[in-house]
Structures are given as structure tokens and as C-alpha cells.
>>> print(open('entry.csv').read())   # CSV, C-alpha atoms (C1' of nucleotides)
chain,number,residue,atom,x,y,z
A,1,MET,CA,-33.1,4.8,20.8
A,2,GLY,CA,-30.3,2.3,20.6
A,3,ARG,CA,-27.1,1.7,22.3
A,4,PRO,CA,-24.9,4.8,22.9
A,5,ARG,CA,-21.7,5.3,21.0
A,6,ALA,CA,-18.6,4.3,23.0
A,7,PHE,CA,-16.1,6.5,21.2
A,8,ASP,CA,-15.6,10.2,20.5
A,9,GLU,CA,-15.8,10.8,16.7
A,10,GLU,CA,-13.7,14.0,16.8
A,11,GLN,CA,-11.0,12.2,18.8
A,12,ALA,CA,-11.0,9.3,16.4
A,13,VAL,CA,-10.6,11.5,13.4
A,14,ARG,CA,-7.7,13.2,15.1
A,15,ALA,CA,-6.0,9.9,15.9
A,16,ALA,CA,-6.5,8.8,12.3
A,17,ALA,CA,-4.9,12.0,11.0
A,18,GLU,CA,-1.8,11.3,13.0
A,19,LEU,CA,-1.6,7.7,11.7
A,20,PHE,CA,-2.1,8.8,8.1
A,21,ALA,CA,0.4,11.6,8.4
A,22,VAL,CA,3.1,9.3,9.8
A,23,ARG,CA,2.6,6.1,7.7
A,24,GLY,CA,0.8,7.5,4.7
A,25,TYR,CA,-2.5,6.4,3.2
A,26,GLU,CA,-1.5,3.1,1.7
A,27,GLY,CA,0.9,2.4,4.6
A,28,THR,CA,-1.9,2.6,7.1
A,29,SER,CA,-4.1,-0.5,7.2
A,30,VAL,CA,-7.6,-0.7,8.5
A,31,ASP,CA,-6.3,-3.0,11.3
A,32,ASP,CA,-3.9,-0.2,12.2
A,33,LEU,CA,-6.8,2.2,12.4
A,34,VAL,CA,-9.0,-0.1,14.4
A,35,THR,CA,-6.2,-0.6,16.9
A,36,GLY,CA,-5.0,3.0,17.0
A,37,LEU,CA,-8.4,4.6,17.2
A,38,GLY,CA,-9.9,2.0,19.6
A,39,VAL,CA,-13.0,2.0,17.3
A,40,HIS,CA,-14.6,-1.2,16.1
A,41,ARG,CA,-14.4,-2.1,12.5
A,42,GLY,CA,-18.2,-2.1,12.1
A,43,SER,CA,-18.5,1.3,13.7
A,44,LEU,CA,-15.8,2.7,11.5
A,45,TYR,CA,-17.5,1.6,8.3
A,46,LYS,CA,-20.9,2.7,9.7
A,47,VAL,CA,-19.6,6.3,10.4
A,48,PHE,CA,-17.1,6.9,7.6
A,49,GLY,CA,-18.2,4.5,4.9
A,50,SER,CA,-14.7,3.4,3.9
A,51,LYS,CA,-11.0,3.9,4.6
A,52,ARG,CA,-10.9,6.6,2.0
A,53,GLY,CA,-13.9,8.3,3.7
A,54,LEU,CA,-12.0,8.4,7.0
A,55,TYR,CA,-8.9,9.7,5.2
A,56,LEU,CA,-10.9,12.6,3.7
A,57,ALA,CA,-12.4,13.4,7.1
A,58,ALA,CA,-9.0,13.4,8.7
A,59,LEU,CA,-7.6,15.7,6.0
A,60,ARG,CA,-10.6,18.0,6.3
A,61,ARG,CA,-10.1,18.2,10.0
A,62,HIS,CA,-6.4,18.8,9.5
A,63,LEU,CA,-7.1,21.7,7.3
A,64,ASP,CA,-9.8,23.2,9.5
A,65,GLU,CA,-8.1,22.7,12.9
A,66,GLU,CA,-4.5,23.1,12.0
A,67,VAL,CA,-3.6,24.5,8.5
A,68,LEU,CA,-6.2,27.3,8.2
A,69,PRO,CA,-5.7,28.5,11.8
A,70,LEU,CA,-1.9,28.5,11.2
A,71,ALA,CA,-2.5,30.5,8.0
A,72,ALA,CA,-4.6,33.0,10.0
A,73,VAL,CA,-1.9,33.4,12.6
A,74,LEU,CA,0.7,33.9,9.9
A,75,ARG,CA,-1.3,36.7,8.3
A,76,GLU,CA,-0.7,38.7,11.4
A,77,ALA,CA,3.0,38.2,11.4
A,78,GLU,CA,5.2,41.3,11.3
A,79,GLY,CA,7.3,40.9,8.3
A,80,LEU,CA,8.5,37.8,6.4
A,81,GLY,CA,11.2,37.0,8.9
A,82,ALA,CA,8.7,36.6,11.7
A,83,LEU,CA,6.4,34.7,9.4
A,84,LEU,CA,9.0,32.1,8.4
A,85,THR,CA,10.1,31.7,11.9
A,86,GLN,CA,6.6,31.2,13.2
A,87,ALA,CA,5.8,28.8,10.4
A,88,VAL,CA,8.8,26.6,11.1
A,89,ALA,CA,8.1,26.7,14.9
A,90,ALA,CA,4.4,25.7,14.3
A,91,PHE,CA,5.5,22.7,12.3
A,92,ASP,CA,7.3,21.3,15.2
A,93,GLY,CA,4.1,21.1,17.1
A,94,GLY,CA,2.9,17.6,16.3
A,95,PRO,CA,3.1,14.7,13.9
A,96,ALA,CA,-0.2,15.5,12.3
A,97,ALA,CA,1.3,18.6,10.8
A,98,GLY,CA,2.7,16.5,8.0
A,99,LEU,CA,-0.7,15.3,6.7
A,100,LEU,CA,-1.0,18.1,4.2
A,101,LEU,CA,2.5,17.3,2.9
A,102,SER,CA,1.9,13.6,2.8
A,103,ALA,CA,-1.4,14.0,1.0
A,104,ALA,CA,0.1,16.4,-1.5
A,105,VAL,CA,2.8,13.9,-2.5
A,106,GLU,CA,1.0,10.6,-2.2
A,107,ARG,CA,-2.7,11.2,-3.0
A,108,ALA,CA,-3.3,14.6,-4.6
A,109,GLY,CA,-2.3,13.4,-8.0
A,110,SER,CA,-4.5,10.3,-8.1
A,111,ASP,CA,-7.5,11.3,-6.0
A,112,ALA,CA,-9.2,14.5,-7.2
A,113,GLU,CA,-11.0,15.1,-4.0
A,114,VAL,CA,-7.8,14.9,-2.0
A,115,GLY,CA,-6.3,17.2,-4.7
A,116,ALA,CA,-8.9,19.8,-4.0
A,117,LEU,CA,-8.4,19.8,-0.3
A,118,VAL,CA,-4.6,20.0,-0.7
A,119,GLY,CA,-5.1,23.0,-3.1
A,120,GLU,CA,-7.3,24.7,-0.5
A,121,GLY,CA,-4.5,24.3,2.1
A,122,LEU,CA,-1.8,25.6,-0.2
A,123,ALA,CA,-4.0,28.6,-1.3
A,124,ALA,CA,-4.4,29.5,2.4
A,125,LEU,CA,-0.7,29.5,3.0
A,126,ASP,CA,-0.2,31.6,-0.2
A,127,GLY,CA,-2.7,34.1,1.0
A,128,ALA,CA,-1.0,34.5,4.3
A,129,VAL,CA,2.4,35.0,2.8
A,130,GLU,CA,1.0,37.4,0.2
A,131,ARG,CA,-0.6,39.6,2.8
A,132,VAL,CA,2.5,39.8,4.9
A,133,GLY,CA,5.0,40.1,2.1
A,134,GLY,CA,3.1,42.1,-0.4
A,135,HIS,CA,5.5,41.4,-3.2
A,136,GLY,CA,2.9,40.1,-5.6
A,137,ALA,CA,1.1,36.8,-5.9
A,138,GLY,CA,4.0,34.9,-7.4
A,139,ALA,CA,6.5,35.6,-4.7
A,140,ALA,CA,4.0,34.4,-2.1
A,141,GLY,CA,3.7,31.1,-3.8
A,142,VAL,CA,7.4,30.7,-3.9
A,143,LEU,CA,7.8,31.5,-0.2
A,144,ALA,CA,4.9,29.1,0.7
A,145,ALA,CA,6.9,26.5,-1.3
A,146,THR,CA,9.8,27.3,1.0
A,147,VAL,CA,7.8,26.7,4.1
A,148,LEU,CA,6.6,23.3,2.6
A,149,GLY,CA,10.2,22.4,1.6
A,150,LEU,CA,11.5,23.1,5.1
A,151,ARG,CA,8.8,20.9,6.5
A,152,LEU,CA,9.7,18.2,4.1
A,153,ARG,CA,13.3,18.3,5.0
A,154,ALA,CA,12.5,18.1,8.7
A,155,ARG,CA,10.2,15.1,8.0
A,156,ALA,CA,12.9,13.3,6.0
A,157,GLY,CA,15.1,13.7,9.0
A,158,ALA,CA,18.2,14.4,6.9
A,159,GLY,CA,19.3,17.4,8.9
A,160,GLY,CA,18.0,20.5,7.2
A,161,PRO,CA,18.9,24.1,8.0
A,162,SER,CA,18.8,25.4,11.6
A,163,ALA,CA,16.2,27.9,12.9
A,164,ASP,CA,18.9,30.5,13.0
A,165,ALA,CA,19.6,29.9,9.3
A,166,VAL,CA,16.0,30.3,8.4
A,167,LEU,CA,15.8,33.5,10.3
A,168,ALA,CA,18.9,34.9,8.7
A,169,PHE,CA,17.5,34.0,5.3
A,170,ALA,CA,14.2,35.6,6.0
A,171,GLU,CA,15.8,38.8,7.0
A,172,ARG,CA,17.6,38.9,3.7
A,173,VAL,CA,14.4,38.5,1.8
A,174,ALA,CA,12.4,41.0,3.8
B,1,MET,CA,26.4,-20.3,-20.7
B,2,GLY,CA,22.7,-20.1,-20.3
B,3,ARG,CA,19.9,-18.4,-22.1
B,4,PRO,CA,20.5,-14.7,-22.8
B,5,ARG,CA,18.6,-12.0,-21.0
B,6,ALA,CA,15.7,-10.6,-23.0
B,7,PHE,CA,15.5,-7.2,-21.2
B,8,ASP,CA,17.8,-4.3,-20.6
B,9,GLU,CA,18.5,-4.0,-16.8
B,10,GLU,CA,19.3,-0.3,-17.1
B,11,GLN,CA,16.0,0.4,-18.9
B,12,ALA,CA,14.0,-1.7,-16.5
B,13,VAL,CA,15.4,0.3,-13.5
B,14,ARG,CA,14.5,3.5,-15.3
B,15,ALA,CA,11.0,2.3,-15.9
B,16,ALA,CA,10.7,1.2,-12.3
B,17,ALA,CA,11.8,4.7,-11.1
B,18,GLU,CA,9.1,6.3,-13.1
B,19,LEU,CA,6.4,4.0,-11.7
B,20,PHE,CA,7.6,4.4,-8.1
B,21,ALA,CA,7.8,8.2,-8.6
B,22,VAL,CA,4.2,8.4,-9.8
B,23,ARG,CA,2.5,5.9,-7.7
B,24,GLY,CA,4.8,5.7,-4.7
B,25,TYR,CA,6.4,2.6,-3.1
B,26,GLU,CA,3.4,1.1,-1.5
B,27,GLY,CA,1.1,2.1,-4.4
B,28,THR,CA,3.2,0.2,-6.9
B,29,SER,CA,2.6,-3.5,-6.8
B,30,VAL,CA,4.9,-6.2,-8.1
B,31,ASP,CA,2.3,-6.9,-10.8
B,32,ASP,CA,2.5,-3.3,-11.9
B,33,LEU,CA,6.2,-3.6,-12.1
B,34,VAL,CA,6.1,-6.9,-14.1
B,35,THR,CA,3.6,-5.4,-16.5
B,36,GLY,CA,5.3,-1.9,-16.8
B,37,LEU,CA,8.8,-3.2,-17.1
B,38,GLY,CA,8.1,-6.1,-19.3
B,39,VAL,CA,10.3,-8.2,-17.1
B,40,HIS,CA,9.2,-11.6,-15.8
B,41,ARG,CA,8.5,-12.1,-12.1
B,42,GLY,CA,11.2,-14.6,-11.6
B,43,SER,CA,13.9,-12.6,-13.4
B,44,LEU,CA,13.0,-9.6,-11.3
B,45,TYR,CA,13.5,-11.4,-8.1
B,46,LYS,CA,16.7,-13.1,-9.5
B,47,VAL,CA,18.2,-9.7,-10.4
B,48,PHE,CA,17.0,-7.4,-7.6
B,49,GLY,CA,16.1,-9.8,-4.8
B,50,SER,CA,13.0,-8.1,-3.7
B,51,LYS,CA,10.6,-5.2,-4.4
B,52,ARG,CA,12.6,-3.1,-2.0
B,53,GLY,CA,15.9,-4.0,-3.8
B,54,LEU,CA,14.4,-2.8,-7.0
B,55,TYR,CA,13.2,0.4,-5.3
B,56,LEU,CA,16.7,1.1,-3.9
B,57,ALA,CA,18.2,0.5,-7.3
B,58,ALA,CA,15.7,2.8,-8.9
B,59,LEU,CA,16.4,5.5,-6.3
B,60,ARG,CA,20.2,5.0,-6.7
B,61,ARG,CA,19.9,5.5,-10.4
B,62,HIS,CA,17.6,8.5,-9.9
B,63,LEU,CA,20.3,10.1,-7.8
B,64,ASP,CA,23.2,9.2,-10.1
B,65,GLU,CA,21.6,10.0,-13.4
B,66,GLU,CA,19.3,12.9,-12.6
B,67,VAL,CA,19.7,14.5,-9.2
B,68,LEU,CA,23.5,14.7,-9.0
B,69,PRO,CA,24.0,15.8,-12.6
B,70,LEU,CA,21.3,18.5,-12.0
B,71,ALA,CA,23.2,19.6,-8.9
B,72,ALA,CA,26.4,19.7,-10.9
B,73,VAL,CA,24.8,21.9,-13.6
B,74,LEU,CA,23.3,24.2,-10.9
B,75,ARG,CA,26.8,24.7,-9.4
B,76,GLU,CA,27.7,26.5,-12.6
B,77,ALA,CA,24.7,28.8,-12.6
B,78,GLU,CA,25.4,32.5,-12.7
B,79,GLY,CA,23.6,33.8,-9.7
B,80,LEU,CA,20.7,32.5,-7.6
B,81,GLY,CA,18.2,33.8,-10.2
B,82,ALA,CA,19.6,31.6,-12.9
B,83,LEU,CA,19.9,28.7,-10.5
B,84,LEU,CA,16.2,28.8,-9.4
B,85,THR,CA,15.1,29.2,-13.0
B,86,GLN,CA,17.2,26.3,-14.2
B,87,ALA,CA,16.1,24.1,-11.3
B,88,VAL,CA,12.4,24.6,-12.0
B,89,ALA,CA,13.0,24.1,-15.8
B,90,ALA,CA,14.8,20.8,-15.1
B,91,PHE,CA,12.0,19.5,-13.0
B,92,ASP,CA,9.6,19.7,-15.9
B,93,GLY,CA,11.7,17.2,-17.7
B,94,GLY,CA,10.1,13.9,-16.7
B,95,PRO,CA,8.0,12.1,-14.2
B,96,ALA,CA,10.9,10.4,-12.6
B,97,ALA,CA,12.1,13.7,-11.3
B,98,GLY,CA,9.7,13.2,-8.4
B,99,LEU,CA,11.2,10.1,-7.0
B,100,LEU,CA,13.5,11.9,-4.6
B,101,LEU,CA,10.5,13.9,-3.3
B,102,SER,CA,8.3,10.8,-3.0
B,103,ALA,CA,11.1,8.8,-1.2
B,104,ALA,CA,11.7,11.7,1.2
B,105,VAL,CA,8.0,11.8,2.2
B,106,GLU,CA,7.0,8.2,2.0
B,107,ARG,CA,10.0,6.1,2.9
B,108,ALA,CA,12.9,8.1,4.3
B,109,GLY,CA,11.4,8.0,7.8
B,110,SER,CA,10.9,4.3,8.0
B,111,ASP,CA,13.7,2.9,5.9
B,112,ALA,CA,17.2,3.9,7.0
B,113,GLU,CA,18.8,3.0,3.7
B,114,VAL,CA,16.3,5.1,1.8
B,115,GLY,CA,16.9,7.9,4.3
B,116,ALA,CA,20.6,7.8,3.6
B,117,LEU,CA,20.0,8.1,-0.2
B,118,VAL,CA,17.6,10.9,0.3
B,119,GLY,CA,20.1,12.7,2.5
B,120,GLU,CA,22.7,12.3,-0.2
B,121,GLY,CA,20.4,13.9,-2.8
B,122,LEU,CA,19.5,16.8,-0.5
B,123,ALA,CA,23.1,17.5,0.4
B,124,ALA,CA,24.0,17.6,-3.2
B,125,LEU,CA,21.4,20.3,-3.8
B,126,ASP,CA,22.5,22.2,-0.8
B,127,GLY,CA,26.1,22.2,-2.0
B,128,ALA,CA,25.1,23.6,-5.4
B,129,VAL,CA,23.0,26.4,-3.9
B,130,GLU,CA,25.7,27.2,-1.4
B,131,ARG,CA,28.4,27.4,-4.1
B,132,VAL,CA,26.3,29.8,-6.2
B,133,GLY,CA,24.8,31.8,-3.5
B,134,GLY,CA,27.6,31.9,-1.0
B,135,HIS,CA,25.5,33.2,1.8
B,136,GLY,CA,26.4,30.6,4.4
B,137,ALA,CA,25.4,27.0,4.8
B,138,GLY,CA,22.0,27.8,6.3
B,139,ALA,CA,20.7,30.0,3.5
B,140,ALA,CA,21.6,27.3,1.0
B,141,GLY,CA,19.5,24.7,2.8
B,142,VAL,CA,16.6,27.1,2.9
B,143,LEU,CA,16.8,27.8,-0.8
B,144,ALA,CA,17.2,24.1,-1.6
B,145,ALA,CA,14.0,23.6,0.4
B,146,THR,CA,12.4,26.2,-1.9
B,147,VAL,CA,13.4,24.2,-4.9
B,148,LEU,CA,11.9,21.1,-3.4
B,149,GLY,CA,8.7,22.9,-2.3
B,150,LEU,CA,8.2,24.2,-5.8
B,151,ARG,CA,8.6,20.7,-7.2
B,152,LEU,CA,6.1,19.5,-4.6
B,153,ARG,CA,3.5,22.1,-5.7
B,154,ALA,CA,3.9,21.2,-9.3
B,155,ARG,CA,3.5,17.6,-8.5
B,156,ALA,CA,0.3,18.2,-6.4
B,157,GLY,CA,-1.0,19.9,-9.5
B,158,ALA,CA,-2.7,22.7,-7.5
B,159,GLY,CA,-1.4,25.5,-9.6
B,160,GLY,CA,1.8,26.9,-8.0
B,161,PRO,CA,3.6,30.1,-8.9
B,162,SER,CA,4.5,30.7,-12.6
B,163,ALA,CA,8.0,30.6,-13.9
B,164,ASP,CA,8.0,34.4,-14.2
B,165,ALA,CA,7.1,34.7,-10.5
B,166,VAL,CA,10.0,32.3,-9.6
B,167,LEU,CA,12.4,34.5,-11.6
B,168,ALA,CA,11.1,37.7,-10.1
B,169,PHE,CA,11.6,36.2,-6.6
B,170,ALA,CA,15.0,34.9,-7.4
B,171,GLU,CA,16.2,38.4,-8.5
B,172,ARG,CA,15.0,39.8,-5.3
B,173,VAL,CA,17.0,37.3,-3.3
B,174,ALA,CA,20.1,37.6,-5.4
C,1,DG,C1',24.4,-32.5,-31.5
C,2,DG,C1',24.0,-33.6,-26.6
C,3,DG,C1',25.0,-31.7,-21.5
C,4,DG,C1',25.0,-27.7,-18.4
C,5,DT,C1',23.2,-23.5,-17.2
C,6,DT,C1',20.4,-19.4,-17.1
C,7,DT,C1',16.3,-17.2,-18.5
C,8,DG,C1',11.2,-16.7,-19.5
C,9,DA,C1',6.4,-18.3,-18.6
C,10,DG,C1',3.0,-19.0,-15.3
C,11,DA,C1',0.9,-21.4,-11.5
C,12,DA,C1',0.8,-21.4,-6.6
C,13,DC,C1',2.0,-20.2,-1.8
C,14,DG,C1',0.7,-18.1,2.8
C,15,DG,C1',-0.4,-13.7,4.5
C,16,DT,C1',-2.7,-9.4,4.6
C,17,DC,C1',-5.7,-6.1,2.4
C,18,DG,C1',-10.4,-3.5,2.6
C,19,DT,C1',-15.0,-4.8,3.4
C,20,DT,C1',-19.1,-7.3,5.0
C,21,DC,C1',-21.9,-10.4,8.0
C,22,DT,C1',-23.6,-12.6,12.2
C,23,DT,C1',-24.3,-12.4,16.9
C,24,DG,C1',-25.1,-10.5,21.3
C,25,DA,C1',-25.0,-6.3,24.4
C,26,DC,C1',-27.2,-2.2,25.5
C,27,DC,C1',-30.4,1.7,25.3
C,28,DG,C1',-35.1,4.6,25.2
C,29,DA,C1',-40.0,4.3,24.3
C,30,DG,C1',-44.5,2.1,25.2
D,1,DC,C1',-41.0,-5.9,31.1
D,2,DT,C1',-41.0,-6.0,26.2
D,3,DC,C1',-39.9,-4.3,21.9
D,4,DG,C1',-37.4,-1.7,18.2
D,5,DG,C1',-33.2,0.0,17.0
D,6,DT,C1',-28.2,1.1,17.4
D,7,DC,C1',-23.7,-0.3,18.6
D,8,DA,C1',-19.7,-3.4,19.9
D,9,DA,C1',-17.3,-7.9,19.1
D,10,DG,C1',-15.2,-10.8,16.1
D,11,DA,C1',-15.4,-14.2,12.5
D,12,DA,C1',-15.4,-14.5,7.6
D,13,DC,C1',-15.2,-13.0,2.7
D,14,DG,C1',-13.0,-12.6,-1.9
D,15,DA,C1',-9.2,-10.0,-3.8
D,16,DC,C1',-4.7,-8.8,-3.9
D,17,DC,C1',-0.1,-8.6,-1.7
D,18,DG,C1',5.1,-10.0,-2.1
D,19,DT,C1',7.4,-14.1,-2.8
D,20,DT,C1',8.6,-18.9,-4.3
D,21,DC,C1',8.3,-23.0,-7.2
D,22,DT,C1',8.1,-25.9,-11.3
D,23,DC,C1',9.0,-26.5,-16.0
D,24,DA,C1',10.0,-25.6,-20.7
D,25,DA,C1',12.8,-22.6,-23.9
D,26,DA,C1',17.1,-20.8,-25.4
D,27,DC,C1',21.9,-20.3,-25.4
D,28,DC,C1',27.3,-21.7,-24.9
D,29,DC,C1',30.7,-25.3,-24.7
D,30,DC,C1',32.6,-29.7,-25.9
>>> encode(input="entry.csv", output="C-alpha cells")
Amino acid sequence: MGRPRAFDEEQAVRAAAELFAVRGYEGTSVDDLVTGLGVHRGSLYKVFGSKRGLYLAALRRHLDEEVLPLAAVLREAEGLGALLTQAVAAFDGGPAAGLLLSAAVERAGSDAEVGALVGEGLAALDGAVERVGGHGAGAAGVLAATVLGLRLRARAGAGGPSADAVLAFAERVA
Amino acid sequence: MGRPRAFDEEQAVRAAAELFAVRGYEGTSVDDLVTGLGVHRGSLYKVFGSKRGLYLAALRRHLDEEVLPLAAVLREAEGLGALLTQAVAAFDGGPAAGLLLSAAVERAGSDAEVGALVGEGLAALDGAVERVGGHGAGAAGVLAATVLGLRLRARAGAGGPSADAVLAFAERVA
DNA sequence: GGGGTTTGAGAACGGTCGTTCTTGACCGAG
DNA sequence: CTCGGTCAAGAACGACCGTTCTCAAACCCC
């Protein structure tokens, strides 16, 4: 029944997540996506409906395949020191790790659906910190904010604190 | 010597900072600026040269009039608890407070001049935390990241930790 | 009060945006 | 082999992008 698809949808969404994470939503054009994903324009619109549809799919995948698994790993950390260290190490894994951050700053305020996905990711990080730290719901949110802030500094490339400094700080808190 | 200017440049830059902070750089069109600032297209290009020139002026003003003064106030805080509380309270002041954050995520990586300004703002926050906390340069950077992360959560509107929770956390650290 | 000069007003520029359409290649079913 | 249906290829669309241009209005100086 019809010509077979010549691209892997999962792989295309992953490539889109990286592009959106690095260049932002408005900074990534459909031409960029067509070139970077190797998927034809027509197919892209057939499968995802719109640029925004592809963005939502990429953010959804980012949460399911990266943020939520990371949160699950962090829940098993032994103490806040190990948690912070693991969190920072995980963020060095790939460029797509910044999509949650980028979405939170650029789109969460103006697109309710993006806002809901971002909230889901933040809540997962909160839950992990809370389970490990056990100092009440508030402190977990603050420490999750620390994780995000560290990632933001790394992304801005302005020379944030070293891994040793993060570890030393974490031991003071724990 | 020519027709007098019908707009206040300082006020126009401030209005531009708010627009850029809320909608981002790419999300703010020149038409948006012309409408929001009440400044004519031609005058805008005569004074600032380009959209990017206006953005840099807005970011510069944001640093000089908001970020650096905030850092100066924080340097006088009595303890990390008071510092964190004051920092969070200051961020509730106005929408333009998010321009540093927005610039760090959206433009610092791709525009070196923006990156330098963002680095200047982050360093000022680091210096304030370091002076108050006095736990070494690294811990200051981590805590400054916490301040940024809290602001990011507030901006994303996804219900971050309460002010009480921040205070309780700060007392534990101090 | 008439130059000279700078601003305000708005039309217009080429380019790029997200999206859609047309055409031909390819597949399984009958 | 033929037909119905899906996909790839790329041209094309109107709208909007950042920027520039033309021209009248408003001021200072002489």
C-alpha cells in the first residue's frame, strides 16, 4: 500500500531536538530542519502537521528519553553530593540536553502546551531531589533550580564553577 | 539645528529591554519595537544602527541599571539567607529582569558580544555571593547558579519553590 | 523670514519565513 | 500488468522579516 517511508521518524525527531536545543525554536527554520533531518518538506508536514508539531514531538521525546530517565537515576543517588555531581556530569552528555532549558526560557511563557511539558520535566527533577535530600518539598525545588542554573551557565559558555566546586558545595549542603 | 527628537532615548531602550526580555530576540520583530517604543523606523535605525544594535544597548542598560546595582546590594547582605531572599524578591520587580536570562540562553552562544555582556553580569553576581558567603570561588558560582535557576523557574511559570522554602534552604546553607 | 539640517511618517526593497501544491517515483493488491 | 495509494522532489504561495528610501514637517541660525 504505497511507497515506503525513506526516513526513520524516531531518528528525525532526535535530530530536530538537537537543532531546536542549540538554535532555539524561532532560530531554527523549516529549511534548517529539512536539511538537518534529511526529511522532505512534504513528509515533514504530513507526519508532524507543522513546525510547532515537530517541536512538541521533539520536546516530548527529550522528556521521555533524557530528562525522565535522568531523574530516575538521580533518585537512586546516595546523598545530595552524589546527586549534584551526577546531574552535572549527565548534562555534559550531549547538546540536546539543553532543550528543556531552551523551552523553559523561550516558549513556556507563550505556548501553554510547551509550558505543561516543561512543568512536567521540572517536577520530575524536583521529585528526584526531594527523594534523595528529604529536606522538604521547598528545598528540593531550590536544589533543582541549582541544577538548571548550572546547566544554564555551561550553555552560556561564560565559565561557571568547576566540577570540584560543585562537589564541595554539595557536601556542605548534605 | 534640525528638528528636535520626539522620543526619550533612555525610555525607548528601557521599553526595548522589556520587549526583548519577554519575547526574546528573534521573537521580537522590528514592527513590534516600532509599535511598542513609539519610535519611528527611520529614527530607530538612525540612532541604533540595527535591531542587534538596539538589543545590545538594551542589554547594556539592563546590566548597568538593574543587574549590577542588584549585585551591589547583595554584597551588603548579612549572610547567605538574606542574600537569597533579597535576590528572589528583587526578581519579582519587573519583566525586564529576565533579559540577562533570556540573553544567556538564546544569544550568548551565537553572538560573542552578547556573550561578553552576559559573562559580565554573571561575574557580578558571583562576586556578590562570594563576598557574602566567603566559601571559596566555586561555591559562589554554584549559589549564583541557584539564583538564576530560581528566576528561570519563576519565568517558566511552572510553580517553583515558595519564598519560605528558599529562606529555609538558605538558612541551612549559611 | 528664508536656508540648512535633523526628525517623523510611511512606502518600498529583496530576502526569508512557514506552508501548500503539483508532479513523478515507488509499492502492494487484484 | 494495472490500478490505487503513499511518499519524495521541488517549485510556488502569501506573509512577514530587517533594512533602506523618499519626502514633508519642525526646528535653529542668520
>>> atom_distance(input="entry.csv", atom1="atom CA of B:Val34", atom2="atom CA of A:Thr28")
24.6 Å
>>> closest_atom_pairs(input="entry.csv", of="chain A", to="chain B", cutoff="9 Å", atoms="all atoms listed in the file", output="CSV")
residue,atom,partner,partner_atom,distance
A:Val22,CA,B:Gly109,CA,8.6
A:Arg23,CA,B:Glu106,CA,7.5
A:Gly24,CA,B:Glu106,CA,6.8
A:Glu26,CA,B:Glu26,CA,6.2
A:Gly27,CA,B:Glu26,CA,6.7
A:Leu101,CA,B:Val105,CA,7.8
A:Ser102,CA,B:Val105,CA,6.4
A:Ala103,CA,B:Ala156,CA,8.7
A:Ala104,CA,B:Ala156,CA,5.2
A:Val105,CA,B:Ala156,CA,6.3
A:Glu106,CA,B:Gly24,CA,6.7
A:Arg107,CA,B:Ala156,CA,8.3
A:Ala108,CA,B:Ala156,CA,5.4
A:Gly109,CA,B:Ala156,CA,5.7
A:Ser110,CA,B:Arg23,CA,8.3
A:Gly115,CA,B:Ala156,CA,6.9
A:Ala116,CA,B:Ala158,CA,7.7
A:Val118,CA,B:Ala158,CA,7.6
A:Gly119,CA,B:Ala158,CA,5.0
A:Glu120,CA,B:Ala158,CA,8.6
A:Leu122,CA,B:Ala158,CA,7.9
A:Ala123,CA,B:Ala158,CA,8.7
A:His135,CA,B:Phe169,CA,8.7
A:Gly136,CA,B:Ala165,CA,8.4
A:Ala137,CA,B:Pro161,CA,7.8
A:Gly138,CA,B:Ala165,CA,4.4
A:Ala139,CA,B:Phe169,CA,5.5
A:Ala140,CA,B:Pro161,CA,8.1
A:Gly141,CA,B:Pro161,CA,5.2
A:Val142,CA,B:Pro161,CA,6.3
A:Leu143,CA,B:Thr146,CA,7.2
A:Ala144,CA,B:Gly149,CA,7.9
A:Ala145,CA,B:Gly149,CA,4.1
A:Thr146,CA,B:Thr146,CA,4.0
A:Val147,CA,B:Gly149,CA,7.5
A:Leu148,CA,B:Gly149,CA,5.3
A:Gly149,CA,B:Ala145,CA,4.2
A:Leu150,CA,B:Ala145,CA,5.3
A:Arg151,CA,B:Ala145,CA,8.5
A:Leu152,CA,B:Val105,CA,6.9
A:Arg153,CA,B:Ala145,CA,7.1
A:Arg155,CA,B:Val105,CA,7.0
A:Ala156,CA,B:Ala104,CA,5.2
A:Gly157,CA,B:Gly109,CA,6.9
A:Ala158,CA,B:Gly119,CA,5.1
A:Gly159,CA,B:Gly119,CA,8.0
A:Gly160,CA,B:Gly141,CA,6.3
A:Pro161,CA,B:Gly138,CA,5.1
A:Ser162,CA,B:Gly138,CA,6.6
A:Ala163,CA,B:Gly138,CA,8.8
A:Asp164,CA,B:Gly138,CA,7.9
A:Ala165,CA,B:Gly138,CA,4.4
A:Val166,CA,B:Val142,CA,6.4
A:Ala168,CA,B:Ala139,CA,7.4
A:Phe169,CA,B:Ala139,CA,5.4
A:Ala170,CA,B:Ala139,CA,8.9
A:Arg172,CA,B:Val173,CA,7.2
A:Val173,CA,B:Val173,CA,5.8
>>> interface_residues(input="entry.csv", of="chain B", to="chain D", cutoff="9 Å", atoms="all atoms listed in the file", output="ChimeraX atom specification")
/B:1-4,29-30,42,45,50-51
>>> atom_distance(input="entry.csv", atom1="atom CA of A:Ala58", atom2="atom C1' of C:DA25")
29.8 Å
>>> atom_distance(input="entry.csv", atom1="atom CA of B:Arg14", atom2="atom CA of B:Glu76")
26.7 Å
>>> closest_atom_pairs(input="entry.csv", of="chain C", to="chain A", cutoff="10 Å", atoms="all atoms listed in the file", output="Markdown table")
| residue | atom | partner | partner_atom | distance |
| --- | --- | --- | --- | --- |
| C:DT16 | C1' | A:Ser29 | CA | 9.4 |
| C:DC17 | C1' | A:Ser29 | CA | 7.5 |
| C:DG18 | C1' | A:Val30 | CA | 7.1 |
| C:DT19 | C1' | A:Ser50 | CA | 8.2 |
| C:DT20 | C1' | A:Gly42 | CA | 8.8 |
| C:DC21 | C1' | A:Gly42 | CA | 10.0 |
| C:DA25 | C1' | A:Arg3 | CA | 8.5 |
| C:DC26 | C1' | A:Arg3 | CA | 5.0 |
| C:DC27 | C1' | A:Arg3 | CA | 4.5 |
| C:DG28 | C1' | A:Met1 | CA | 4.8 |
| C:DA29 | C1' | A:Met1 | CA | 7.8 |
>>> write_last_selection(input="entry.csv", atoms="C-alpha atoms (C1' of nucleotides)", output="short mmCIF file (atom, residue, chain, number, x, y, z; two decimals), in the frame of the given file")
data_model
loop_
_atom_site.label_atom_id
_atom_site.label_comp_id
_atom_site.auth_asym_id
_atom_site.auth_seq_id
_atom_site.Cartn_x
_atom_site.Cartn_y
_atom_site.Cartn_z
"C1'" DT C 16 -2.70 -9.40 4.60
"C1'" DC C 17 -5.70 -6.10 2.40
"C1'" DG C 18 -10.40 -3.50 2.60
"C1'" DT C 19 -15.00 -4.80 3.40
"C1'" DT C 20 -19.10 -7.30 5.00
"C1'" DC C 21 -21.90 -10.40 8.00
"C1'" DA C 25 -25.00 -6.30 24.40
"C1'" DC C 26 -27.20 -2.20 25.50
"C1'" DC C 27 -30.40 1.70 25.30
"C1'" DG C 28 -35.10 4.60 25.20
"C1'" DA C 29 -40.00 4.30 24.30
#
>>> closest_residue(input="entry.csv", among="A:Ala87, A:Ala6, A:Ala71, A:Leu59", to="A:Glu113", atoms="only C-alpha atoms")
A:Leu59
